[in-house]
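Visitor: Following this line is entry.pdb, made up of PDB, C-alpha atoms:
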ATOM      1  CA  MET A   1       2.807  23.519  32.722
ATOM      2  CA  ASN A   2      -0.224  22.955  30.521
ATOM      3  CA  THR A   3      -1.791  26.402  30.236
ATOM      4  CA  LEU A   4      -5.397  26.734  29.101
ATOM      5  CA  LYS A   5      -5.703  28.229  25.636
ATOM      6  CA  GLN A   6      -8.391  30.056  23.712
ATOM      7  CA  GLY A   7     -11.266  27.635  23.083
ATOM      8  CA  ASP A   8     -10.482  25.402  26.088
ATOM      9  CA  LYS A   9     -13.229  24.634  28.592
ATOM     10  CA  VAL A  10     -12.268  25.771  32.097
ATOM     11  CA  PRO A  11     -12.462  22.905  34.609
ATOM     12  CA  ASN A  12     -14.827  23.647  37.480
ATOM     13  CA  PHE A  13     -13.127  24.721  40.683
ATOM     14  CA  SER A  14     -14.248  25.524  44.177
ATOM     15  CA  VAL A  15     -11.971  27.466  46.533
ATOM     16  CA  PHE A  16     -12.340  30.025  49.309
ATOM     17  CA  ASP A  17     -12.114  33.769  48.828
ATOM     18  CA  GLN A  18     -10.545  36.213  51.273
ATOM     19  CA  ASP A  19     -13.574  35.998  53.616
ATOM     20  CA  GLY A  20     -13.912  32.218  53.619
ATOM     21  CA  ASN A  21     -16.768  32.145  51.080
ATOM     22  CA  LYS A  22     -16.644  29.215  48.673
ATOM     23  CA  VAL A  23     -16.331  30.430  45.073
ATOM     24  CA  SER A  24     -16.891  28.089  42.123
ATOM     25  CA  LEU A  25     -16.707  28.525  38.387
ATOM     26  CA  THR A  26     -20.376  27.499  38.259
ATOM     27  CA  ASP A  27     -21.245  30.680  40.234
ATOM     28  CA  TYR A  28     -20.408  32.594  37.040
ATOM     29  CA  LYS A  29     -22.354  30.509  34.548
ATOM     30  CA  GLY A  30     -24.001  32.849  32.043
ATOM     31  CA  LYS A  31     -21.558  35.663  32.865
ATOM     32  CA  LYS A  32     -18.301  36.804  31.303
ATOM     33  CA  LEU A  33     -15.461  36.389  33.750
ATOM     34  CA  ILE A  34     -11.967  37.845  34.024
ATOM     35  CA  VAL A  35      -9.673  35.563  36.028
ATOM     36  CA  PHE A  36      -6.362  37.262  36.734
ATOM     37  CA  PHE A  37      -3.494  35.377  38.338
ATOM     38  CA  TYR A  38      -0.838  37.260  40.245
ATOM     39  CA  PRO A  39       2.251  35.965  42.060
ATOM     40  CA  LYS A  40       1.855  37.585  45.489
ATOM     41  CA  ALA A  41      -0.519  39.949  47.268
ATOM     42  CA  ASN A  42       0.782  43.367  48.290
ATOM     43  CA  THR A  43       3.829  43.354  45.997
ATOM     44  CA  PRO A  44       4.378  46.326  43.638
ATOM     45  CA  GLY A  45       3.410  44.692  40.309
ATOM     46  CA  CYS A  46       0.443  42.822  41.742
ATOM     47  CA  THR A  47      -0.790  45.919  43.540
ATOM     48  CA  ALA A  48      -0.498  48.029  40.358
ATOM     49  CA  GLU A  49      -2.408  45.398  38.377
ATOM     50  CA  ALA A  50      -5.211  44.904  40.911
ATOM     51  CA  CYS A  51      -5.560  48.674  41.510
ATOM     52  CA  ASN A  52      -5.791  49.313  37.756
ATOM     53  CA  LEU A  53      -8.576  46.711  37.467
ATOM     54  CA  SER A  54     -10.286  48.158  40.541
ATOM     55  CA  ASP A  55     -10.094  51.718  39.137
ATOM     56  CA  ASN A  56     -11.751  50.470  35.931
ATOM     57  CA  TYR A  57     -14.151  48.028  37.593
ATOM     58  CA  LYS A  58     -17.298  49.937  36.602
ATOM     59  CA  THR A  59     -16.228  50.064  32.939
ATOM     60  CA  LEU A  60     -15.395  46.339  32.985
ATOM     61  CA  GLN A  61     -18.784  45.601  34.569
ATOM     62  CA  ASP A  62     -20.490  47.773  31.946
ATOM     63  CA  GLU A  63     -18.864  45.460  29.370
ATOM     64  CA  GLY A  64     -20.479  42.529  31.192
ATOM     65  CA  TYR A  65     -17.431  41.235  33.075
ATOM     66  CA  GLU A  66     -17.114  39.862  36.591
ATOM     67  CA  LEU A  67     -13.611  39.668  38.097
ATOM     68  CA  LEU A  68     -11.714  37.130  40.181
ATOM     69  CA  GLY A  69      -8.158  37.629  41.406
ATOM     70  CA  VAL A  70      -6.189  34.484  42.229
ATOM     71  CA  SER A  71      -2.910  33.785  44.003
ATOM     72  CA  ALA A  72      -1.622  31.118  46.394
ATOM     73  CA  ASP A  73      -1.712  33.552  49.317
ATOM     74  CA  SER A  74      -3.596  32.679  52.509
ATOM     75  CA  GLN A  75      -7.101  34.008  53.212
ATOM     76  CA  LYS A  76      -5.599  36.404  55.753
ATOM     77  CA  LYS A  77      -3.115  37.845  53.208
ATOM     78  CA  GLN A  78      -5.836  38.131  50.550
ATOM     79  CA  SER A  79      -8.191  39.755  53.058
ATOM     80  CA  ASN A  80      -5.540  42.306  54.081
ATOM     81  CA  PHE A  81      -4.768  43.047  50.409
ATOM     82  CA  LYS A  82      -8.444  43.502  49.522
ATOM     83  CA  THR A  83      -9.161  45.648  52.596
ATOM     84  CA  LYS A  84      -6.049  47.814  52.193
ATOM     85  CA  PHE A  85      -6.970  48.779  48.615
ATOM     86  CA  ASN A  86     -10.753  48.346  48.893
ATOM     87  CA  PHE A  87     -11.001  46.019  45.880
ATOM     88  CA  PRO A  88     -14.610  45.515  44.716
ATOM     89  CA  PHE A  89     -13.970  41.928  43.533
ATOM     90  CA  PRO A  90     -13.111  38.684  45.368
ATOM     91  CA  LEU A  91      -9.556  37.425  45.744
ATOM     92  CA  LEU A  92      -9.223  33.651  45.859
ATOM     93  CA  ALA A  93      -6.882  32.154  48.440
ATOM     94  CA  ASP A  94      -5.751  29.233  46.308
ATOM     95  CA  GLU A  95      -3.276  27.768  48.784
ATOM     96  CA  ASP A  96      -3.732  24.218  47.410
ATOM     97  CA  LYS A  97      -3.251  25.610  43.877
ATOM     98  CA  GLU A  98      -6.488  24.036  42.610
ATOM     99  CA  VAL A  99      -7.380  26.949  40.326
ATOM    100  CA  ILE A 100      -3.729  27.723  39.544
ATOM    101  CA  GLN A 101      -3.189  24.131  38.329
ATOM    102  CA  ALA A 102      -6.562  24.037  36.507
ATOM    103  CA  PHE A 103      -5.532  27.070  34.422
ATOM    104  CA  GLY A 104      -1.923  25.863  34.146
ATOM    105  CA  VAL A 105      -0.207  29.000  35.432
ATOM    106  CA  TRP A 106       2.192  27.328  37.888
ATOM    107  CA  GLY A 107       5.661  26.635  36.564
ATOM    108  CA  LEU A 108       9.316  27.522  36.298
ATOM    109  CA  LYS A 109      10.113  31.217  36.518
ATOM    110  CA  LYS A 110      13.351  33.148  36.268
ATOM    111  CA  PHE A 111      14.036  36.280  38.267
ATOM    112  CA  MET A 112      17.383  37.995  38.763
ATOM    113  CA  GLY A 113      19.291  34.890  37.688
ATOM    114  CA  ARG A 114      17.326  32.603  39.991
ATOM    115  CA  GLU A 115      15.033  29.814  38.826
ATOM    116  CA  TYR A 116      12.069  28.738  40.935
ATOM    117  CA  ASP A 117       8.491  27.491  40.655
ATOM    118  CA  GLY A 118       5.791  30.099  40.939
ATOM    119  CA  ILE A 119       2.658  31.648  39.515
ATOM    120  CA  HIS A 120       2.900  33.152  36.060
ATOM    121  CA  ARG A 121       1.091  36.491  35.783
ATOM    122  CA  LYS A 122      -1.629  35.748  33.235
ATOM    123  CA  THR A 123      -5.211  36.796  32.688
ATOM    124  CA  PHE A 124      -7.970  34.670  31.198
ATOM    125  CA  LEU A 125     -11.217  35.996  29.766
ATOM    126  CA  VAL A 126     -13.850  33.310  30.130
ATOM    127  CA  ASP A 127     -17.128  33.443  28.223
ATOM    128  CA  GLU A 128     -20.657  32.752  29.517
ATOM    129  CA  ASN A 129     -20.234  29.025  28.845
ATOM    130  CA  GLY A 130     -16.990  28.603  30.789
ATOM    131  CA  VAL A 131     -14.777  28.589  27.688
ATOM    132  CA  VAL A 132     -11.550  30.614  27.438
ATOM    133  CA  ALA A 133     -12.190  33.491  25.015
ATOM    134  CA  HIS A 134      -8.759  35.161  25.383
ATOM    135  CA  VAL A 135      -5.493  34.689  27.240
ATOM    136  CA  ILE A 136      -3.284  37.654  28.073
ATOM    137  CA  ASP A 137       0.291  36.414  28.554
ATOM    138  CA  LYS A 138       2.055  39.772  28.678
ATOM    139  CA  VAL A 139       0.124  41.654  31.332
ATOM    140  CA  LYS A 140       0.707  45.403  31.521
ATOM    141  CA  THR A 141       0.243  45.823  35.258
ATOM    142  CA  LYS A 142      -0.388  49.587  35.163
ATOM    143  CA  ASP A 143      -2.692  49.478  32.143
ATOM    144  CA  HIS A 144      -4.338  46.079  32.376
ATOM    145  CA  ALA A 145      -7.988  47.156  32.063
ATOM    146  CA  ALA A 146      -7.232  48.906  28.758
ATOM    147  CA  GLN A 147      -5.540  45.716  27.547
ATOM    148  CA  ILE A 148      -8.678  43.719  28.368
ATOM    149  CA  LEU A 149     -11.086  46.280  26.903
ATOM    150  CA  SER A 150      -9.127  46.392  23.632
ATOM    151  CA  LEU A 151      -9.862  42.709  22.905
TER     152      LEU A 151
END
Would you write the structure of this file as structure tokens?

Guide:
Amino acid sequence: MNTLKQGDKVPNFSVFDQDGNKVSLTDYKGKKLIVFFYPKANTPGCTAEACNLSDNYKTLQDEGYELLGVSADSQKKQSNFKTKFNFPFPLLADEDKEVIQAFGVWGLKKFMGREYDGIHRKTFLVDENGVVAHVIDKVKTKDHAAQILSL
């Protein structure tokens, strides 16, 4: 797993969001972007994280940020997740793991004594030029917006 680091240029990507709209990195040129990766839609940690970002969306926007949530869930699962919690930001259905691989967040995980490949919960703050400004490795799911705003 070769995770993007601070100062790395983010490779362009183009994948579908929960409604089948194509979303590319180039859509955010000139804007600050928060890209948060989560393992699975509608699970407790992922829900807490996305809800915390949603609750603080206005504040994050006031700081100049746009948001993109990414997991390998299908469009239908992402759509259900977004609708259920009324998230104001797109969720990318990265089933082919294009964005996940580009950021390097797919790899070996350990959970309850089991080892498996999956998405590592990480958040990347990308500047107006598509360069990684910060990487948050230890995401506090219930207080994630505060973590971002403290940087």

Visitor: Identify all residues satisfying the PyMOL selection byres ((chain A and resi 15-22) around 12) in the given file; provide them as an mmCIF file with C-alpha atoms, in the coordinates of the input.

Guide:
data_model
loop_
_atom_site.group_PDB
_atom_site.id
_atom_site.type_symbol
_atom_site.label_atom_id
_atom_site.label_comp_id
_atom_site.auth_asym_id
_atom_site.auth_seq_id
_atom_site.Cartn_x
_atom_site.Cartn_y
_atom_site.Cartn_z
ATOM 1 C CA ASN A 12 -14.827 23.647 37.480
ATOM 2 C CA PHE A 13 -13.127 24.721 40.683
ATOM 3 C CA SER A 14 -14.248 25.524 44.177
ATOM 4 C CA VAL A 23 -16.331 30.430 45.073
ATOM 5 C CA SER A 24 -16.891 28.089 42.123
ATOM 6 C CA LEU A 25 -16.707 28.525 38.387
ATOM 7 C CA THR A 26 -20.376 27.499 38.259
ATOM 8 C CA ASP A 27 -21.245 30.680 40.234
ATOM 9 C CA ALA A 41 -0.519 39.949 47.268
ATOM 10 C CA LEU A 68 -11.714 37.130 40.181
ATOM 11 C CA GLY A 69 -8.158 37.629 41.406
ATOM 12 C CA VAL A 70 -6.189 34.484 42.229
ATOM 13 C CA SER A 71 -2.910 33.785 44.003
ATOM 14 C CA ALA A 72 -1.622 31.118 46.394
ATOM 15 C CA ASP A 73 -1.712 33.552 49.317
ATOM 16 C CA SER A 74 -3.596 32.679 52.509
ATOM 17 C CA GLN A 75 -7.101 34.008 53.212
ATOM 18 C CA LYS A 76 -5.599 36.404 55.753
ATOM 19 C CA LYS A 77 -3.115 37.845 53.208
ATOM 20 C CA GLN A 78 -5.836 38.131 50.550
ATOM 21 C CA SER A 79 -8.191 39.755 53.058
ATOM 22 C CA ASN A 80 -5.540 42.306 54.081
ATOM 23 C CA PHE A 81 -4.768 43.047 50.409
ATOM 24 C CA LYS A 82 -8.444 43.502 49.522
ATOM 25 C CA THR A 83 -9.161 45.648 52.596
ATOM 26 C CA PHE A 87 -11.001 46.019 45.880
ATOM 27 C CA PHE A 89 -13.970 41.928 43.533
ATOM 28 C CA PRO A 90 -13.111 38.684 45.368
ATOM 29 C CA LEU A 91 -9.556 37.425 45.744
ATOM 30 C CA LEU A 92 -9.223 33.651 45.859
ATOM 31 C CA ALA A 93 -6.882 32.154 48.440
ATOM 32 C CA ASP A 94 -5.751 29.233 46.308
ATOM 33 C CA GLU A 95 -3.276 27.768 48.784
ATOM 34 C CA ASP A 96 -3.732 24.218 47.410
ATOM 35 C CA LYS A 97 -3.251 25.610 43.877
ATOM 36 C CA GLU A 98 -6.488 24.036 42.610
ATOM 37 C CA VAL A 99 -7.380 26.949 40.326
ATOM 38 C CA ILE A 100 -3.729 27.723 39.544
ATOM 39 C CA ALA A 102 -6.562 24.037 36.507
#

Visitor: Starting from the displayed file, determine the output of the PyMOL selection byres ((chain A and resi 36) around 10) and express the residue list as a PDB file with C-alpha atoms, in the frame of the given file.

Guide:
ATOM      1  CA  LEU A  33     -15.461  36.389  33.750  1.00  0.00           C
ATOM      2  CA  ILE A  34     -11.967  37.845  34.024  1.00  0.00           C
ATOM      3  CA  VAL A  35      -9.673  35.563  36.028  1.00  0.00           C
ATOM      4  CA  PHE A  37      -3.494  35.377  38.338  1.00  0.00           C
ATOM      5  CA  TYR A  38      -0.838  37.260  40.245  1.00  0.00           C
ATOM      6  CA  GLU A  49      -2.408  45.398  38.377  1.00  0.00           C
ATOM      7  CA  ALA A  50      -5.211  44.904  40.911  1.00  0.00           C
ATOM      8  CA  LEU A  53      -8.576  46.711  37.467  1.00  0.00           C
ATOM      9  CA  LEU A  67     -13.611  39.668  38.097  1.00  0.00           C
ATOM     10  CA  LEU A  68     -11.714  37.130  40.181  1.00  0.00           C
ATOM     11  CA  GLY A  69      -8.158  37.629  41.406  1.00  0.00           C
ATOM     12  CA  VAL A  70      -6.189  34.484  42.229  1.00  0.00           C
ATOM     13  CA  SER A  71      -2.910  33.785  44.003  1.00  0.00           C
ATOM     14  CA  LEU A  91      -9.556  37.425  45.744  1.00  0.00           C
ATOM     15  CA  ARG A 121       1.091  36.491  35.783  1.00  0.00           C
ATOM     16  CA  LYS A 122      -1.629  35.748  33.235  1.00  0.00           C
ATOM     17  CA  THR A 123      -5.211  36.796  32.688  1.00  0.00           C
ATOM     18  CA  PHE A 124      -7.970  34.670  31.198  1.00  0.00           C
ATOM     19  CA  LEU A 125     -11.217  35.996  29.766  1.00  0.00           C
ATOM     20  CA  VAL A 135      -5.493  34.689  27.240  1.00  0.00           C
ATOM     21  CA  ILE A 136      -3.284  37.654  28.073  1.00  0.00           C
ATOM     22  CA  VAL A 139       0.124  41.654  31.332  1.00  0.00           C
TER      23      VAL A 139
END

Visitor: Which residue out of A:Lys32, A:His134, A:Lys140, A:Lys5 has the minimum interatomic distance to Leu60 of chain A when all atoms listed in the file are used?

Guide: A:Lys32

Visitor: I need the output of the PyMOL selection byres ((chain A and resi 106) around 7) for this file as a ChimeraX atom specification; which residues are they?

Guide: /A:1,100-101,104-105,107,117-120

Visitor: Atom CA of Tyr28 of chain A to atom CA of Glu66 of chain A: how many Å, to one decimal?

Guide: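 Distance between the two atoms: 8.0 Å.
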
Visitor: Counting all atoms listed in the file, figure out which residue out of A:Cys51, A:Leu4, A:Cys46, A:Val10 gets nearest to Gly130 of chain A.

Guide: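 Of the candidates, the smallest distance to Gly130 of chain A is held by A:Val10.
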
Visitor: Please indicate the distance in Å from atom CA of Asn86 of chain A to atom CA of Ser54 of chain A, rounded to one decimal place.

Guide: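 According to the coordinates, atom CA of Asn86 of chain A and atom CA of Ser54 of chain A are separated by 8.4 Å.
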
Visitor: Around segment 30-36 of chain A, with edges along x, y and z and 5 Å added on all six sides, what centre and edge lengths do you get, in Å to one decimal, as JSON?

Guide:
{"center_x": -15.2, "center_y": 35.3, "center_z": 34.0, "size_x": 27.6, "size_y": 15.0, "size_z": 15.4}

Visitor: In Å, rounded to a single decimal, give me how far atom CA of Arg114 of chain A is from atom CA of Thr47 of chain A.

Guide: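 Atom-to-atom, atom CA of Thr47 of chain A to atom CA of Arg114 of chain A, that is 22.8 Å.
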
Visitor: Pick out the closest residue to Thr59 of chain A from this set: A:Lys138, A:Phe103, A:Ile148, A:Lys110. Count only C-alpha atoms.

Guide: A:Ile148
